[in-house]
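For reference, entry_12.txt (compact mmCIF, C-alpha atoms):
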```txt
# COMPACT_ATOMS: atom_id res chain seq x y z
CA MET D 24 0.00 0.00 0.00
CA THR D 25 2.29 2.69 -1.32
CA ARG D 26 1.87 5.97 -3.17
CA GLU D 27 2.98 4.18 -6.34
CA PHE D 28 0.25 1.58 -5.91
CA GLU D 29 -2.35 4.33 -5.41
CA THR D 30 -1.39 6.29 -8.51
CA ARG D 31 0.19 3.73 -10.87
CA PRO D 32 -0.97 0.23 -9.86
CA ALA D 33 -0.38 -1.13 -13.36
CA GLN D 34 3.36 -0.54 -12.92
CA VAL D 35 3.33 -2.48 -9.65
CA TYR D 36 1.53 -5.41 -11.28
CA GLU D 37 3.92 -5.33 -14.24
CA ARG D 38 6.98 -5.33 -11.99
CA LEU D 39 5.63 -8.29 -10.02
CA ARG D 40 4.83 -10.15 -13.24
CA ASN D 41 8.29 -9.54 -14.65
CA ARG D 42 9.91 -10.83 -11.46
CA TYR D 43 7.67 -13.76 -10.52
CA GLY D 44 5.44 -14.63 -13.48
CA GLN D 45 1.67 -14.96 -13.28
CA VAL D 46 1.62 -15.57 -9.51
CA ALA D 47 3.54 -13.44 -7.00
CA PRO D 48 4.12 -13.66 -3.23
CA VAL D 49 2.94 -10.47 -1.53
CA ASP D 50 2.34 -8.99 1.90
CA VAL D 51 -1.17 -7.72 2.60
CA PHE D 52 -1.07 -5.63 5.78
CA GLY D 53 1.26 -8.17 7.39
CA ALA D 54 -0.48 -11.29 6.07
CA ARG D 55 1.35 -13.43 3.51
CA ALA D 56 -0.64 -14.09 0.36
CA TRP D 57 -0.35 -15.02 -3.30
CA LEU D 58 -1.41 -12.38 -5.82
CA ILE D 59 -2.74 -13.94 -9.03
CA LEU D 60 -1.76 -11.74 -11.99
CA GLY D 61 -2.48 -13.85 -15.09
CA PHE D 62 -5.85 -13.65 -16.83
CA ASN D 63 -6.19 -17.41 -17.31
CA GLU D 64 -5.05 -18.11 -13.75
CA VAL D 65 -7.48 -15.57 -12.27
CA ARG D 66 -10.34 -17.03 -14.29
CA GLU D 67 -9.40 -20.56 -13.17
CA VAL D 68 -9.39 -19.56 -9.49
CA MET D 69 -12.72 -17.74 -9.81
CA ARG D 70 -14.50 -20.53 -11.65
CA ASP D 71 -13.42 -23.61 -9.69
CA GLU D 72 -15.44 -23.45 -6.48
CA SER D 73 -14.62 -27.06 -5.63
CA HIS D 74 -10.92 -26.27 -5.17
CA TRP D 75 -10.81 -22.55 -4.26
CA LYS D 76 -12.90 -21.70 -1.19
CA LYS D 77 -14.03 -18.29 0.07
CA ASP D 78 -14.92 -19.03 3.70
CA MET D 79 -12.34 -17.68 6.14
CA GLU D 80 -12.39 -20.97 8.08
CA ASN D 81 -10.20 -22.36 5.28
CA TRP D 82 -7.37 -19.88 5.95
CA ARG D 83 -4.61 -21.90 7.60
CA ALA D 84 -2.76 -18.90 9.07
CA LEU D 85 -5.97 -17.71 10.74
CA ARG D 86 -6.68 -21.14 12.22
CA GLU D 87 -3.13 -21.31 13.56
CA GLY D 88 -3.38 -17.89 15.22
CA ARG D 89 -0.87 -16.20 12.91
CA VAL D 90 -3.21 -13.38 11.82
CA ALA D 91 -3.47 -10.35 14.10
CA SER D 92 -6.90 -9.79 15.64
CA ASP D 93 -6.84 -6.22 14.32
CA TRP D 94 -5.78 -7.17 10.78
CA PRO D 95 -7.20 -4.23 8.75
CA LEU D 96 -9.12 -6.29 6.16
CA MET D 97 -10.87 -8.43 8.77
CA ALA D 98 -13.77 -5.96 8.85
CA SER D 99 -14.53 -6.68 5.19
CA GLN D 100 -14.40 -10.45 5.68
CA GLY D 101 -15.89 -10.84 9.14
CA PHE D 102 -19.55 -11.17 8.13
CA GLY D 103 -20.96 -14.35 6.63
CA HIS D 104 -22.68 -12.96 3.55
CA MET D 105 -23.08 -15.15 0.49
CA LEU D 106 -20.00 -13.87 -1.37
CA LEU D 107 -17.86 -15.26 1.47
CA ARG D 108 -19.65 -18.60 1.73
CA ASP D 109 -19.15 -21.88 -0.10
CA ASP D 110 -21.14 -24.83 -1.41
CA GLU D 111 -24.71 -25.24 -0.08
CA ARG D 112 -24.52 -22.30 2.31
CA HIS D 113 -23.65 -20.10 -0.65
CA LYS D 114 -26.04 -21.74 -3.13
CA THR D 115 -29.16 -21.36 -0.98
CA THR D 116 -28.58 -17.69 -0.25
CA ARG D 117 -27.52 -16.93 -3.82
CA GLN D 118 -30.77 -18.39 -5.16
CA ALA D 119 -32.74 -16.13 -2.83
CA VAL D 120 -30.77 -13.02 -3.83
CA ASP D 121 -31.02 -13.83 -7.56
CA MET D 122 -34.79 -14.27 -7.33
CA ALA D 123 -35.23 -11.10 -5.27
CA LEU D 124 -33.13 -9.03 -7.72
CA LYS D 125 -34.67 -10.48 -10.89
CA PRO D 126 -37.62 -8.08 -11.35
CA PHE D 127 -35.29 -5.11 -10.85
CA GLN D 128 -32.86 -6.33 -13.53
CA ASP D 129 -35.16 -7.82 -16.16
CA PRO D 130 -35.88 -5.03 -18.70
CA GLY D 131 -39.31 -6.52 -19.36
CA GLU D 132 -40.45 -6.13 -15.75
CA PRO D 133 -42.23 -2.96 -14.52
CA GLN D 134 -39.92 -2.75 -11.47
CA ALA D 135 -36.86 -2.57 -13.74
CA PHE D 136 -38.51 0.04 -15.96
CA ALA D 137 -39.45 2.19 -12.95
CA LEU D 138 -35.95 1.92 -11.49
CA ASN D 139 -34.39 2.89 -14.83
CA GLN D 140 -36.62 5.97 -14.99
CA ALA D 141 -35.73 6.81 -11.39
CA VAL D 142 -31.99 6.70 -12.19
CA SER D 143 -32.55 9.15 -15.07
CA GLN D 144 -34.58 11.42 -12.82
CA HIS D 145 -31.99 11.34 -10.03
CA MET D 146 -29.22 12.13 -12.52
CA ASP D 147 -31.14 15.11 -13.88
CA GLU D 148 -31.76 16.33 -10.34
CA LEU D 149 -28.07 16.07 -9.48
CA ILE D 150 -26.93 17.81 -12.68
CA THR D 151 -29.47 20.61 -12.29
CA PHE D 152 -28.50 20.98 -8.65
CA PHE D 153 -24.73 21.31 -9.22
CA ALA D 154 -25.24 23.65 -12.22
CA GLU D 155 -27.44 25.97 -10.12
CA GLY D 156 -28.78 27.65 -13.26
CA ALA D 157 -25.31 28.53 -14.59
CA THR D 158 -24.07 27.64 -18.07
CA SER D 159 -20.64 26.67 -16.74
CA GLY D 160 -18.76 26.12 -13.52
CA TRP D 161 -16.96 23.59 -11.37
CA VAL D 162 -18.17 20.29 -9.97
CA ASP D 163 -16.59 17.43 -8.04
CA LEU D 164 -18.05 14.47 -9.90
CA CYS D 165 -17.16 12.12 -7.04
CA ALA D 166 -18.88 13.97 -4.22
CA GLN D 167 -21.70 15.57 -6.20
CA VAL D 168 -22.67 12.75 -8.60
CA ALA D 169 -20.91 9.40 -8.25
CA ARG D 170 -21.35 9.05 -4.49
CA PRO D 171 -24.94 10.28 -4.06
CA LEU D 172 -26.46 8.54 -7.10
CA PRO D 173 -25.98 4.92 -5.89
CA LEU D 174 -27.17 5.96 -2.44
CA MET D 175 -30.35 7.46 -3.89
CA VAL D 176 -31.05 4.40 -6.02
CA LEU D 177 -30.26 1.88 -3.27
CA ASN D 178 -32.51 3.79 -0.86
CA ARG D 179 -35.32 3.18 -3.34
CA LEU D 180 -34.33 -0.40 -4.16
CA PHE D 181 -34.05 -1.45 -0.51
CA GLY D 182 -37.21 0.37 0.55
CA PHE D 183 -35.71 2.56 3.27
CA PRO D 184 -38.53 4.54 4.91
CA VAL D 185 -36.44 7.74 4.77
CA GLU D 186 -33.29 8.77 2.96
CA GLN D 187 -30.33 7.70 5.04
CA GLY D 188 -28.11 10.64 4.17
CA ASP D 189 -24.41 10.41 3.43
CA ASP D 190 -23.45 8.45 6.55
CA ILE D 191 -23.98 4.92 5.24
CA PHE D 192 -22.04 5.74 2.10
CA MET D 193 -19.10 7.11 4.07
CA ASP D 194 -19.15 3.97 6.22
CA SER D 195 -18.85 1.78 3.13
CA TRP D 196 -15.72 3.72 2.17
CA ARG D 197 -14.27 3.38 5.66
CA MET D 198 -14.83 -0.36 5.62
CA VAL D 199 -13.37 -1.02 2.15
CA ASP D 200 -10.36 1.24 2.73
CA ALA D 201 -9.44 -0.82 5.83
CA GLY D 202 -8.68 2.17 8.03
CA PRO D 203 -8.66 2.14 11.85
CA ASP D 204 -12.43 2.78 11.93
CA ALA D 205 -13.30 0.02 9.42
CA ALA D 206 -14.73 -2.40 11.99
CA PRO D 207 -17.15 0.05 13.66
CA ALA D 208 -18.18 1.32 10.22
CA ALA D 209 -19.06 -2.22 9.12
CA GLU D 210 -21.01 -2.77 12.33
CA ARG D 211 -23.02 0.42 11.76
CA LEU D 212 -23.84 -0.64 8.20
CA VAL D 213 -25.04 -4.08 9.26
CA LYS D 214 -27.07 -2.54 12.08
CA ALA D 215 -28.79 -0.17 9.63
CA THR D 216 -29.65 -2.89 7.10
CA THR D 217 -30.79 -5.34 9.81
CA GLU D 218 -33.07 -2.71 11.32
CA LEU D 219 -34.49 -2.15 7.83
CA ALA D 220 -35.17 -5.90 7.44
CA ALA D 221 -36.97 -5.96 10.79
CA TYR D 222 -39.03 -2.92 9.75
CA LYS D 223 -40.00 -4.55 6.44
CA GLN D 224 -41.36 -7.61 8.20
CA SER D 225 -44.29 -5.51 9.39
CA HIS D 226 -44.20 -2.89 6.58
CA PRO D 227 -43.74 -4.90 3.35
CA GLY D 228 -43.43 -3.20 -0.01
CA ASP D 229 -42.38 -3.83 -3.60
CA ASP D 230 -38.68 -3.68 -2.78
CA LEU D 231 -35.63 -5.91 -2.55
CA THR D 232 -35.78 -6.24 1.25
CA THR D 233 -39.37 -7.50 1.23
CA ARG D 234 -38.56 -10.00 -1.54
CA LEU D 235 -35.57 -11.34 0.40
CA LEU D 236 -37.76 -11.82 3.48
CA ALA D 237 -40.19 -13.82 1.34
CA ALA D 238 -37.48 -16.21 0.10
CA ASP D 239 -37.99 -19.97 0.24
CA PRO D 240 -36.24 -21.46 2.14
CA PRO D 241 -36.58 -18.41 4.39
CA LEU D 242 -33.70 -16.19 5.46
CA SER D 243 -33.61 -14.77 8.97
CA VAL D 244 -33.89 -11.03 9.53
CA GLU D 245 -30.23 -11.03 10.55
CA GLN D 246 -29.17 -12.83 7.36
CA VAL D 247 -31.22 -10.48 5.17
CA GLY D 248 -29.49 -7.56 6.91
CA ILE D 249 -26.07 -9.05 6.15
CA GLU D 250 -26.91 -9.67 2.48
CA LEU D 251 -28.24 -6.12 2.11
CA TYR D 252 -25.04 -4.82 3.69
CA ALA D 253 -22.93 -6.71 1.13
CA ILE D 254 -25.07 -5.51 -1.78
CA LEU D 255 -24.94 -1.92 -0.53
CA VAL D 256 -21.15 -1.86 -0.18
CA ILE D 257 -20.34 -3.68 -3.41
CA MET D 258 -22.91 -1.90 -5.60
CA SER D 259 -22.06 1.56 -4.28
CA GLU D 260 -18.35 1.00 -4.84
CA LEU D 261 -18.78 -0.52 -8.30
CA VAL D 262 -21.31 2.02 -9.58
CA GLY D 263 -19.69 5.13 -8.13
CA HIS D 264 -16.20 4.39 -9.37
CA SER D 265 -17.45 3.09 -12.73
CA ILE D 266 -19.07 6.48 -13.36
CA THR D 267 -15.96 8.53 -12.60
CA ASN D 268 -13.60 6.03 -14.27
CA SER D 269 -15.75 6.27 -17.41
CA VAL D 270 -15.65 10.06 -17.50
CA LEU D 271 -11.90 10.04 -16.84
CA GLU D 272 -11.23 7.57 -19.66
CA VAL D 273 -13.14 9.83 -22.07
CA LEU D 274 -11.33 12.99 -20.95
CA THR D 275 -7.88 11.38 -21.11
CA GLY D 276 -8.37 10.19 -24.67
CA ASN D 277 -9.05 6.44 -24.54
CA SER D 278 -9.82 6.02 -28.24
CA GLY D 279 -12.17 3.05 -27.93
CA VAL D 280 -14.13 4.74 -25.17
CA ARG D 281 -14.38 8.04 -27.03
CA THR D 282 -15.55 6.26 -30.18
CA SER D 283 -18.30 4.53 -28.21
CA LEU D 284 -19.38 7.92 -26.82
CA THR D 285 -19.47 9.70 -30.19
CA THR D 286 -21.46 6.86 -31.76
CA GLY D 287 -23.99 6.92 -28.94
CA HIS D 288 -23.18 3.50 -27.50
CA ALA D 289 -22.88 4.27 -23.80
CA ASP D 290 -23.19 0.59 -22.90
CA GLU D 291 -20.10 -0.21 -24.96
CA LEU D 292 -18.29 2.80 -23.48
CA VAL D 293 -18.85 1.41 -19.98
CA ASN D 294 -17.88 -2.07 -21.11
CA ARG D 295 -14.54 -0.82 -22.46
CA VAL D 296 -13.90 1.15 -19.28
CA HIS D 297 -14.40 -2.02 -17.25
CA ILE D 298 -11.58 -3.55 -19.27
CA ALA D 299 -9.23 -0.57 -19.07
CA SER D 300 -10.03 0.58 -15.53
CA PRO D 301 -12.12 -1.91 -13.53
CA PRO D 302 -13.51 -0.37 -10.33
CA TRP D 303 -13.10 -3.58 -8.30
CA THR D 304 -9.43 -4.39 -8.72
CA ASN D 305 -8.61 -7.24 -6.32
CA CYS D 306 -10.91 -9.88 -4.89
CA THR D 307 -11.26 -10.99 -1.30
CA PHE D 308 -9.17 -14.01 -0.37
CA ARG D 309 -9.67 -17.53 -1.64
CA PHE D 310 -8.02 -20.64 -0.21
CA PRO D 311 -7.01 -23.86 -2.01
CA VAL D 312 -8.27 -27.04 -0.35
CA ALA D 313 -5.17 -28.99 -1.43
CA ASP D 314 -1.57 -28.24 -2.39
CA THR D 315 -1.65 -26.74 -5.88
CA ASP D 316 0.78 -25.77 -8.64
CA LEU D 317 -0.09 -22.34 -9.99
CA GLY D 318 2.22 -20.15 -12.03
CA ASN D 319 5.80 -20.84 -10.98
CA PHE D 320 4.93 -21.77 -7.39
CA ARG D 321 3.57 -24.55 -5.25
CA LEU D 322 0.72 -23.21 -3.12
CA ALA D 323 -0.07 -25.06 0.10
CA ALA D 324 -3.59 -25.94 1.18
CA GLY D 325 -5.07 -23.06 3.15
CA ASP D 326 -2.76 -20.38 1.72
CA ALA D 327 -4.37 -16.98 1.15
CA VAL D 328 -4.83 -16.20 -2.54
CA MET D 329 -5.95 -12.84 -3.94
CA ALA D 330 -7.13 -12.84 -7.56
CA SER D 331 -6.36 -9.50 -9.21
CA ILE D 332 -8.88 -8.40 -11.81
CA ALA D 333 -6.86 -5.30 -12.69
CA ALA D 334 -3.64 -7.29 -13.14
CA ALA D 335 -5.47 -9.90 -15.22
CA HIS D 336 -6.72 -7.15 -17.54
CA GLY D 337 -3.11 -5.99 -17.88
CA ASP D 338 -1.88 -9.48 -18.78
CA PRO D 339 -0.10 -9.16 -22.16
CA GLN D 340 -1.89 -12.30 -23.41
CA PHE D 341 -5.28 -10.78 -22.61
CA LEU D 342 -4.34 -7.38 -24.07
CA SER D 343 -3.10 -9.03 -27.25
CA ALA D 344 -6.45 -10.76 -27.68
CA MET D 345 -8.26 -7.47 -27.05
CA ASP D 346 -6.11 -5.64 -29.63
CA HIS D 347 -6.91 -8.36 -32.15
CA GLU D 348 -10.63 -7.86 -31.52
CA ALA D 349 -10.44 -4.08 -31.09
CA SER D 350 -13.20 -3.43 -33.62
CA LYS D 351 -15.64 -5.69 -31.77
CA SER D 352 -17.33 -5.56 -28.43
CA SER D 353 -15.80 -7.84 -25.81
CA ARG D 354 -17.57 -9.16 -22.73
CA ALA D 355 -14.62 -11.37 -21.80
CA HIS D 356 -13.50 -9.11 -18.97
CA LEU D 357 -13.63 -10.04 -15.28
CA ALA D 358 -14.84 -6.74 -13.84
CA TRP D 359 -18.01 -8.38 -12.52
CA GLY D 360 -16.24 -11.60 -11.57
CA THR D 361 -17.09 -15.01 -13.02
CA GLY D 362 -18.25 -18.36 -11.74
CA VAL D 363 -20.64 -18.90 -8.85
CA HIS D 364 -19.43 -15.79 -7.01
CA ALA D 365 -19.95 -13.40 -9.94
CA CYS D 366 -21.71 -10.14 -9.03
CA PRO D 367 -25.45 -10.90 -8.68
CA GLY D 368 -26.39 -7.30 -9.50
CA ARG D 369 -24.44 -6.91 -12.71
CA GLY D 370 -27.48 -5.99 -14.83
CA LEU D 371 -28.63 -3.38 -12.33
CA ALA D 372 -25.15 -1.89 -11.93
CA ASP D 373 -24.61 -1.74 -15.69
CA MET D 374 -27.93 0.08 -16.12
CA MET D 375 -27.09 2.61 -13.42
CA VAL D 376 -23.62 3.39 -14.79
CA THR D 377 -24.73 3.53 -18.43
CA THR D 378 -27.67 5.82 -17.62
CA ALA D 379 -25.52 8.10 -15.46
CA VAL D 380 -22.72 8.45 -18.01
CA SER D 381 -25.22 9.01 -20.84
CA ARG D 382 -27.00 11.79 -18.98
CA LEU D 383 -23.74 13.49 -17.98
CA PHE D 384 -22.46 13.71 -21.55
CA GLU D 385 -25.88 14.49 -23.04
CA ARG D 386 -26.23 17.56 -20.84
CA CYS D 387 -22.63 18.68 -20.23
CA ASP D 388 -19.17 19.00 -21.71
CA PHE D 389 -16.30 18.49 -19.28
CA GLU D 390 -12.64 19.48 -18.90
CA LEU D 391 -10.22 18.15 -16.33
CA GLY D 392 -9.75 20.45 -13.34
CA LEU D 393 -6.39 18.87 -12.42
CA SER D 394 -3.67 17.26 -14.47
CA VAL D 395 -3.93 13.48 -14.50
CA ASP D 396 -0.89 13.02 -12.27
CA GLN D 397 -2.45 15.27 -9.61
CA LEU D 398 -5.75 13.42 -9.29
CA PRO D 399 -6.18 11.95 -5.78
CA TRP D 400 -6.72 8.19 -5.81
CA ARG D 401 -8.07 6.17 -2.92
CA SER D 402 -5.67 3.99 -0.97
CA SER D 403 -7.51 0.68 -1.15
CA THR D 404 -6.64 -2.98 -1.59
CA TYR D 405 -9.90 -3.77 -3.35
CA VAL D 406 -11.08 -0.82 -5.43
CA ARG D 407 -9.64 1.66 -7.90
CA GLY D 408 -11.30 5.04 -7.75
CA LEU D 409 -10.79 8.73 -7.18
CA ARG D 410 -11.31 10.44 -3.81
CA SER D 411 -12.34 13.59 -5.65
CA PHE D 412 -12.70 14.47 -9.33
CA PRO D 413 -12.87 18.24 -9.95
CA VAL D 414 -13.87 19.13 -13.50
CA ARG D 415 -15.09 22.23 -15.28
CA PHE D 416 -18.52 21.75 -16.86
CA ARG D 417 -20.30 23.59 -19.63
CA MET D 418 -24.00 22.97 -20.06
CA ARG D 419 -24.91 21.93 -23.56
CA GLU D 420 -27.42 23.95 -25.54
CA ALA D 421 -30.95 22.72 -24.88
CA LYS D 422 -32.54 20.62 -27.59
CA ASN D 423 -36.28 20.74 -28.14
CA THR D 424 -36.74 17.00 -28.53
CA THR D 425 -39.53 14.67 -27.53
CA ALA D 426 -39.07 13.07 -24.13
CA ARG D 427 -38.33 9.36 -23.91
CA SER D 428 -41.34 7.10 -24.04
CA ALA D 429 -43.46 6.61 -20.91
CA PRO D 430 -41.33 8.50 -18.37
CA ALA D 431 -42.02 7.91 -14.73
CA ALA D 432 -44.11 10.51 -12.97
CA GLY D 433 -41.93 13.52 -12.28
CA ALA D 434 -39.08 12.21 -14.45
CA ALA D 435 -36.85 14.80 -16.13
CA ASP D 436 -35.56 14.07 -19.60
CA ASP D 437 -34.48 17.17 -21.51
CA SER D 438 -34.37 20.88 -20.84
CA THR D 439 -38.15 21.37 -21.17
CA ALA D 440 -38.95 18.53 -18.80
CA LEU D 441 -36.27 19.75 -16.42
CA GLU D 442 -37.96 23.08 -15.70
CA PRO D 443 -40.25 21.66 -12.96
CA VAL D 444 -37.30 19.82 -11.43
CA ALA D 445 -35.16 22.96 -11.41
CA ALA D 446 -37.99 24.97 -9.88
CA ALA D 447 -38.61 22.36 -7.19
CA ILE D 448 -34.92 22.18 -6.29
CA SER D 449 -34.65 25.97 -6.21
CA ALA D 450 -37.67 26.19 -3.92
CA GLU D 451 -36.13 23.68 -1.54
CA GLN D 452 -32.71 25.30 -1.25
CA ASP D 453 -33.65 26.93 2.04
CA ARG D 454 -35.32 23.71 3.24
CA PRO D 455 -33.31 20.75 1.83
CA ARG D 456 -35.11 17.42 1.62
CA SER D 457 -32.61 15.39 3.61
CA ALA D 458 -29.14 15.25 5.10
CA LEU D 459 -27.90 14.13 1.68
CA TRP D 460 -29.22 17.27 -0.03
CA ARG D 461 -27.84 19.48 2.73
CA PHE D 462 -24.47 17.82 2.10
CA LEU D 463 -24.73 18.46 -1.66
CA ALA D 464 -25.76 22.06 -1.06
CA SER D 465 -22.71 22.62 1.14
CA LEU D 466 -20.46 21.27 -1.62
CA ARG D 467 -22.04 23.51 -4.20
CA ARG D 468 -21.37 26.58 -2.09
CA GLY D 469 -17.69 25.64 -1.97
CA GLY D 470 -17.06 27.03 -5.44
CA GLN D 471 -14.04 26.38 -7.63
CA PRO D 472 -11.49 23.83 -6.28
```
Turn this file's structure into structure tokens for me.
Amino acid sequence: MTREFETRPAQVYERLRNRYGQVAPVDVFGARAWLILGFNEVREVMRDESHWKKDMENWRALREGRVASDWPLMASQGFGHMLLRDDERHKTTRQAVDMALKPFQDPGEPQAFALNQAVSQHMDELITFFAEGATSGWVDLCAQVARPLPLMVLNRLFGFPVEQGDDIFMDSWRMVDAGPDAAPAAERLVKATTELAAYKQSHPGDDLTTRLLAADPPLSVEQVGIELYAILVIMSELVGHSITNSVLEVLTGNSGVRTSLTTGHADELVNRVHIASPPWTNCTFRFPVADTDLGNFRLAAGDAVMASIAAAHGDPQFLSAMDHEASKSSRAHLAWGTGVHACPGRGLADMMVTTAVSRLFERCDFELGLSVDQLPWRSSTYVRGLRSFPVRFRMREAKNTTARSAPAAGAADDSTALEPVAAAISAEQDRPRSALWRFLASLRRGGQP
């Protein structure tokens, strides 16, 4: 965890690959582990659940008492949600989560349609709010767009009775970044989602929490809370950083990404960004159940293994294949994982990121506010994303076009439809709707970075 790894992780992966090959011995906050760098090796580890286990009980060093009780990443692995379970314990919960998420991810379902319209509406609210009626200005796309949007959507998806404000989002950052307050942050998150599950038992609705509680075989309130916690953390991290990574790739001249933008294919833009700059860079530990040859090393049963998605995407063999297929769309990347532990909310996350990026570039032009080498990156083992992303925006000239078909009530689509939204936001400036909007208002008053 060095400054070089924060700002230029690809160079660290390349140096390790040149020295050790496709598997490298590393130190992760004092714990010895194997970092898997090769695309084929990462895919093998992810796909073979029979040999590579996720449950921490398989970690030999932990069983033998050789892992410190305050090991920084313990907070992210200390709860038994489905992505850290194996075999039947994983399968049963995964089936429940897949079924609960299905209507929100299937484009043919009314829940998915309504959620898509809500994402567009939230994006238009956020853009109108940071512009404050001006034709140009400054905005921190992290704090004023990429962080609040997933929170707003997940509030709706989960069925929270009130907006939770910025606190739960900040706690997800604290937990993933493995700082000294990671453990209490994780506990607060689980407490919030468990309290929501208990509330939904007596106040059901058409939301993810209610559908998880109705699963068969049933999940306990405590287990539903833990699964919601995992979904909240992973989705907020993936969506938020995918949005800013996408904008950054466009502004720094990634040719494939820019071509996708100019041709109106935002879904392909996001897909290419997930190859070039995946938001989730390294996976939580896996553990082989038997001694295994991998790369140039012999791994012992119970060794800690960390599969690196970012390093796999930098594997020369993978890049060569991508260059050969440069004119075609590729879904061969590992940004959402693969195998039984692949991200269950991939369709939902893709929709949120694609909609957000589309709306940003439909309504604004952007210029970098800092040189690329001055951008502040998060110090995180797991994710690759900016702590702040100051850019100069210029509002695009309004187009008098017909709104998209069947917008949700109150949805904002183009400049004409946005007038009621702008008026409503302006009227509420002295009486913000929630802690989240008070937070956004305070950022807007901060002015140019």
Closest to Met146 in chain D among D:Val65, D:Leu174, D:Met79, D:Ala221, using only C-alpha atoms? D:Leu174
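Take the candidates D:Cys306, D:Pro173, D:Ser283, D:Arg26 and check each one against Ala333 in chain D using only C-alpha atoms; the shortest distance goes to D:Cys306.
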Residues of range 237-347 of chain D that approach range 54-58 of chain D to 12 Å or less, counting only C-alpha atoms: could you list each one with the shortest pair of atoms and its distance in Å to one decimal, rows by chain and increasing residue number, as JSON lines?
```
{"residue": "D:Thr304", "atom": "CA", "partner": "D:Leu58", "partner_atom": "CA", "distance": 11.7}
{"residue": "D:Asn305", "atom": "CA", "partner": "D:Leu58", "partner_atom": "CA", "distance": 8.9}
{"residue": "D:Cys306", "atom": "CA", "partner": "D:Leu58", "partner_atom": "CA", "distance": 9.9}
{"residue": "D:Thr307", "atom": "CA", "partner": "D:Leu58", "partner_atom": "CA", "distance": 10.9}
{"residue": "D:Phe308", "atom": "CA", "partner": "D:Ala56", "partner_atom": "CA", "distance": 8.6}
{"residue": "D:Arg309", "atom": "CA", "partner": "D:Trp57", "partner_atom": "CA", "distance": 9.8}
{"residue": "D:Phe310", "atom": "CA", "partner": "D:Ala56", "partner_atom": "CA", "distance": 9.9}
{"residue": "D:Pro311", "atom": "CA", "partner": "D:Trp57", "partner_atom": "CA", "distance": 11.1}
{"residue": "D:Leu317", "atom": "CA", "partner": "D:Trp57", "partner_atom": "CA", "distance": 9.9}
{"residue": "D:Gly318", "atom": "CA", "partner": "D:Trp57", "partner_atom": "CA", "distance": 10.4}
{"residue": "D:Asn319", "atom": "CA", "partner": "D:Trp57", "partner_atom": "CA", "distance": 11.4}
{"residue": "D:Phe320", "atom": "CA", "partner": "D:Trp57", "partner_atom": "CA", "distance": 9.5}
{"residue": "D:Arg321", "atom": "CA", "partner": "D:Trp57", "partner_atom": "CA", "distance": 10.5}
{"residue": "D:Leu322", "atom": "CA", "partner": "D:Trp57", "partner_atom": "CA", "distance": 8.3}
{"residue": "D:Ala323", "atom": "CA", "partner": "D:Trp57", "partner_atom": "CA", "distance": 10.6}
{"residue": "D:Gly325", "atom": "CA", "partner": "D:Ala56", "partner_atom": "CA", "distance": 10.4}
{"residue": "D:Asp326", "atom": "CA", "partner": "D:Ala56", "partner_atom": "CA", "distance": 6.8}
{"residue": "D:Ala327", "atom": "CA", "partner": "D:Ala56", "partner_atom": "CA", "distance": 4.8}
{"residue": "D:Val328", "atom": "CA", "partner": "D:Trp57", "partner_atom": "CA", "distance": 4.7}
{"residue": "D:Met329", "atom": "CA", "partner": "D:Leu58", "partner_atom": "CA", "distance": 4.9}
{"residue": "D:Ala330", "atom": "CA", "partner": "D:Leu58", "partner_atom": "CA", "distance": 6.0}
{"residue": "D:Ser331", "atom": "CA", "partner": "D:Leu58", "partner_atom": "CA", "distance": 6.7}
{"residue": "D:Ile332", "atom": "CA", "partner": "D:Leu58", "partner_atom": "CA", "distance": 10.4}
{"residue": "D:Ala333", "atom": "CA", "partner": "D:Leu58", "partner_atom": "CA", "distance": 11.3}
{"residue": "D:Ala334", "atom": "CA", "partner": "D:Leu58", "partner_atom": "CA", "distance": 9.2}
{"residue": "D:Ala335", "atom": "CA", "partner": "D:Leu58", "partner_atom": "CA", "distance": 10.5}
```
Nearest to Gly160 in chain D, chosen from D:Leu85, D:Gln34, D:Asp388, D:Gly408, with all atoms listed in the file counted in the distances: D:Asp388
Residue with the minimum atom-to-atom distance to Asp78 in chain D, picked from D:Ala169, D:Arg66, D:Val312, D:Leu383 with only C-alpha atoms counted, is D:Val312
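Going from CA of Met193 in chain D over to CA of Ala208 in chain D, you cover 8.5 Å.
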Selected residue, from D:Glu27, D:Ala355, D:Ala313, D:Leu149, that lies nearest to Arg83 in chain D when counting all atoms listed in the file: D:Ala313
Measuring between all atoms listed in the file, which one of D:Val262, D:Ala98, D:Val35, D:Ala324 shows the shortest distance to Trp303 in chain D? D:Val262
Quick one: everything within 10 Å of range 118-135 of chain D, counting all atoms listed in the file, minus sequence neighbours fewer than 2 positions away in the same chain. Send it as an MDAnalysis selection string. chainID D and resid 105 113:116 137:141 180 229:242 247 250:251 254 367:374
What separates CA of Gln397 in chain D and CA of Tyr36 in chain D is a distance of 21.1 Å
Just give me the gap between CA of Leu398 in chain D and CA of Met198 in chain D in Å, one decimal is fine. 22.2 Å
Edge lengths and centre in Å to one decimal, as JSON, is what I'm after for the box along x, y and z that holds all listed atoms of range 253-260 of chain D once 6 Å is added on each side.
```
{"center_x": -21.7, "center_y": -2.6, "center_z": -2.2, "size_x": 18.7, "size_y": 20.3, "size_z": 18.7}
```
